Amino acid sequence: MLEVRASGTSPHLYGDGLAIWLVTNPDHIEGDVFGREDHWKGLGLFFDTFQNLDHSHHHKHPYIYAMMNDGTKGYIPDAEKPDPTKQVLPGAVENSGCSYDFRYAETREDVSVLNHTRVHMTYKGKALKVRIQQTSIGQTKEWYNCFDMQNVDIPPNAYFGVSSATGDLVDNHDIIQFNVRSLAGVENAEEDYDKWAKLEQDLINSKLEEFDMRPAEALQRDYQRVLRAQAAEIKTLHNDMELLKQSLEFTLASMSSGLETQKEKLDDKSHDMREVSKKMEEQTAVAADVQKQKDEIEGLKKEIELKASGGGGWRLPFFILFALIVAVGGIGYNRYRKLSKSHFL
């Protein structure tokens with residue numbers, strides 16, 4: 001069982017991957033096959049994160065696959081013109097690989113050193129089975145059955161090894177745990193592993209409880225949760241403040257509009273008052289003019305009376321003058337009435 005953490009900063013471009021070896025040569029010789037020499041003899045289990053050619057394939061990357069080699073064939077990933085007699089090719093054997101995104105992008109918020117991928121590989125009766133399980137901040141996902149490769153003839157006295165390589169694209173490949181257990185007398189390898197894994201986890205939990213401590217990553221995770229909760233509260237408060245600001249702006253705009261309306265009404269009333277005052281002044285002037293004419297008529301009347309008292313032929317001129325006075329008074333009165341009506345309507 002292998003626990004590995006493949007990660008990097010780039011969310012799109014990354015590579016190249018890592019490999020688990022079970023080969024006859026115990027020496028590590030650096031080469032082009034995920035950091036190890038080509039033309040190996042035995043089994044190679046590859047975790048390929050980089051697609052070497054820019055064309056469609058029968059599989060997607062990241063791609064996990066197993067390949068057997070008798071030591072005479074070269075490793076050609078994603079060959080344009082494959083030759084199985086001279087090359088070992090990814091996915092050339094039926095049910096020997098699967099596409100599985102086991103890599104973690106370090107720019108994600110939930111990424112920590114607690115993230116890793118478990119690879120459970122069993123070999124029994126010339127059948128090679130591989131299943132994958134990922135974890136995310138301590139939470140484990142369901143097992144994914146990657147492949148069940150048949151007729152796998154691993155040479156005896158083979159040696160385990162792990163290698164990794166990157167090119168221009170740099171990634172991290174951390175081996176967290178690597179365990180090899182015998183399956184002699186085991187009927188169900190998966191159930192046997194699950195029991196063993198539970199015992200291992202119980203042992204770890206008992207040690208943590210004994211010393212009352214948690215990993216620094218767990219404390220950091222709790223701290224990040226608090227920060228995220230506080231950030232959410234701040235965001236909610238900011239939204240409430242924005243709503244309050246908009247409400248106040250709307251209220252002030254309504255008040256300003258109301259004040260403008262009242263001001264216009266007051267201006268209209270002031271204009272009406274000025275018009276009324278002007279009409280009153282005109283009416284006063286008309287009344288003064290009528291009074292003046294009345295006074296003049298009274299003066300003429302007195303003057304006529306004085307002259308009449310001094311002579312005998314006074315009756316005819318008096319009546320003529322009286323008629324003239326009445327006519328002038330009637331004309332003045334009618335004018336006064338017309339002016340009064342026009343100014344008060």
# chains A, B, ... in the order shown; residues from 1 in each chain; ligands from 1

$ residues_around --residues "A:Val170" --least-positions-apart "4" --cutoff "10 Å" --atoms "only C-alpha atoms" --output "list in words"
Ser7, Gly8, Thr9, Ser10, Leu13, Tyr14, Gly15, Asp16, Gly17, Ala165 and Thr166 of chain A

$ write_last_selection --atoms "N, CA and C atoms" --output "compact mmCIF listing (two decimals), in the first residue's frame"
# COMPACT_ATOMS: atom_id res chain seq x y z
N SER A 7 1.37 17.12 -5.90
CA SER A 7 0.77 18.46 -5.87
C SER A 7 1.69 19.45 -6.57
N GLY A 8 1.11 20.60 -6.90
CA GLY A 8 1.86 21.66 -7.55
C GLY A 8 1.06 22.94 -7.57
N THR A 9 1.72 24.03 -7.93
CA THR A 9 1.07 25.34 -7.91
C THR A 9 0.23 25.59 -9.15
N SER A 10 0.58 24.98 -10.27
CA SER A 10 -0.16 25.24 -11.51
C SER A 10 -1.43 24.40 -11.56
N LEU A 13 -0.99 23.18 -16.14
CA LEU A 13 0.20 22.55 -16.70
C LEU A 13 1.05 21.98 -15.58
N TYR A 14 1.34 20.68 -15.64
CA TYR A 14 2.12 20.03 -14.59
C TYR A 14 2.67 18.72 -15.14
N GLY A 15 3.59 18.13 -14.40
CA GLY A 15 4.19 16.87 -14.82
C GLY A 15 5.42 16.57 -13.97
N ASP A 16 6.07 15.39 -14.19
CA ASP A 16 5.62 14.38 -15.14
C ASP A 16 4.88 13.23 -14.43
N GLY A 17 5.28 12.89 -13.20
CA GLY A 17 4.62 11.83 -12.46
C GLY A 17 5.60 11.00 -11.66
N ALA A 165 9.94 11.97 -11.52
CA ALA A 165 10.70 12.89 -12.37
C ALA A 165 9.81 14.03 -12.81
N THR A 166 10.44 15.17 -13.04
CA THR A 166 9.77 16.33 -13.62
C THR A 166 10.65 16.89 -14.72

$ select_by_dssp --residues "stretch 28-199 of chain A" --states "helix (DSSP H, G or I)" --output "list in words"
Ala189, Glu190, Glu191, Asp192, Tyr193, Asp194, Lys195, Trp196, Ala197, Lys198 and Leu199 of chain A

$ write_last_selection --atoms "C-alpha atoms" --output "short mmCIF file (atom, residue, chain, number, x, y, z; two decimals), in the first residue's frame"
data_model
loop_
_atom_site.label_atom_id
_atom_site.label_comp_id
_atom_site.auth_asym_id
_atom_site.auth_seq_id
_atom_site.Cartn_x
_atom_site.Cartn_y
_atom_site.Cartn_z
CA ALA A 189 -7.31 -8.87 0.14
CA GLU A 190 -9.52 -5.78 0.32
CA GLU A 191 -11.24 -6.80 3.56
CA ASP A 192 -7.87 -7.74 5.03
CA TYR A 193 -6.48 -4.31 4.18
CA ASP A 194 -9.52 -2.50 5.62
CA LYS A 195 -9.09 -4.33 8.94
CA TRP A 196 -5.38 -3.53 9.02
CA ALA A 197 -6.00 0.14 8.16
CA LYS A 198 -8.59 0.43 10.93
CA LEU A 199 -6.16 -0.99 13.49
#

$ atom_distance --atom1 "atom CA of A:Tyr223" --atom2 "atom CA of A:Ile204"
22.7 Å

$ residues_around --residues "A:Ile175" --least-positions-apart "2" --cutoff "12 Å" --atoms "only C-alpha atoms" --output "ChimeraX atom specification"
/A:1-7,18-20,113,115-119,161-164,172-173,177-179

$ closest_residue --among "A:Glu242, A:Asp101, A:Glu37, A:Asp27" --to "A:Gly74" --atoms "only C-alpha atoms"
A:Glu37

$ select_by_dssp --residues "stretch 97-309 of chain A" --states "strand (DSSP E or B)" --output "ChimeraX atom specification"
/A:97-99,103-105,117-124,127-136,139-140,144-149,159-165,172-178

$ residues_around --residues "A:Arg131" --least-positions-apart "6" --cutoff "7 Å" --atoms "only C-alpha atoms" --output "NGL selection string"
:A and (119-121 or 143-146)

$ residues_around --residues "A:Ala66" --least-positions-apart "4" --cutoff "7 Å" --atoms "only C-alpha atoms" --output "ChimeraX atom specification"
/A:44-46,96-97

$ write_last_selection --atoms "all heavy atoms" --output "PDB file, in the first residue's frame"
ATOM      1  N   GLY A  44       6.155  -2.239 -13.878  1.00  0.00           N
ATOM      2  CA  GLY A  44       6.169  -0.808 -13.575  1.00  0.00           C
ATOM      3  C   GLY A  44       4.742  -0.304 -13.452  1.00  0.00           C
ATOM      4  O   GLY A  44       3.918  -0.529 -14.344  1.00  0.00           O
ATOM      5  N   LEU A  45       4.439   0.343 -12.326  1.00  0.00           N
ATOM      6  CA  LEU A  45       3.120   0.959 -12.121  1.00  0.00           C
ATOM      7  C   LEU A  45       3.329   2.469 -12.161  1.00  0.00           C
ATOM      8  O   LEU A  45       4.006   3.034 -11.300  1.00  0.00           O
ATOM      9  CB  LEU A  45       2.518   0.531 -10.781  1.00  0.00           C
ATOM     10  CG  LEU A  45       1.148   1.132 -10.430  1.00  0.00           C
ATOM     11  CD1 LEU A  45       0.098   0.724 -11.453  1.00  0.00           C
ATOM     12  CD2 LEU A  45       0.715   0.713  -9.028  1.00  0.00           C
ATOM     13  N   PHE A  46       2.735   3.124 -13.154  1.00  0.00           N
ATOM     14  CA  PHE A  46       3.045   4.523 -13.438  1.00  0.00           C
ATOM     15  C   PHE A  46       1.858   5.435 -13.121  1.00  0.00           C
ATOM     16  O   PHE A  46       0.703   5.104 -13.420  1.00  0.00           O
ATOM     17  CB  PHE A  46       3.441   4.682 -14.908  1.00  0.00           C
ATOM     18  CG  PHE A  46       4.583   3.795 -15.312  1.00  0.00           C
ATOM     19  CD1 PHE A  46       4.350   2.610 -16.005  1.00  0.00           C
ATOM     20  CD2 PHE A  46       5.882   4.126 -14.984  1.00  0.00           C
ATOM     21  CE1 PHE A  46       5.396   1.787 -16.371  1.00  0.00           C
ATOM     22  CE2 PHE A  46       6.934   3.309 -15.346  1.00  0.00           C
ATOM     23  CZ  PHE A  46       6.692   2.130 -16.040  1.00  0.00           C
ATOM     24  N   SER A  96      -5.589  -2.398 -18.062  1.00  0.00           N
ATOM     25  CA  SER A  96      -4.306  -2.199 -17.384  1.00  0.00           C
ATOM     26  C   SER A  96      -4.114  -0.760 -16.912  1.00  0.00           C
ATOM     27  O   SER A  96      -3.013  -0.401 -16.487  1.00  0.00           O
ATOM     28  CB  SER A  96      -3.153  -2.574 -18.326  1.00  0.00           C
ATOM     29  OG  SER A  96      -3.157  -1.742 -19.483  1.00  0.00           O
ATOM     30  N   GLY A  97      -5.163   0.069 -16.975  1.00  0.00           N
ATOM     31  CA  GLY A  97      -5.007   1.453 -16.533  1.00  0.00           C
ATOM     32  C   GLY A  97      -6.344   2.156 -16.390  1.00  0.00           C
ATOM     33  O   GLY A  97      -7.396   1.645 -16.796  1.00  0.00           O
TER      34      GLY A  97
END

$ atom_distance --atom1 "atom CA of A:Asp32" --atom2 "atom CA of A:His61"
18.9 Å

$ atom_distance --atom1 "atom CA of A:Met68" --atom2 "atom CA of A:Glu94"
12.6 Å
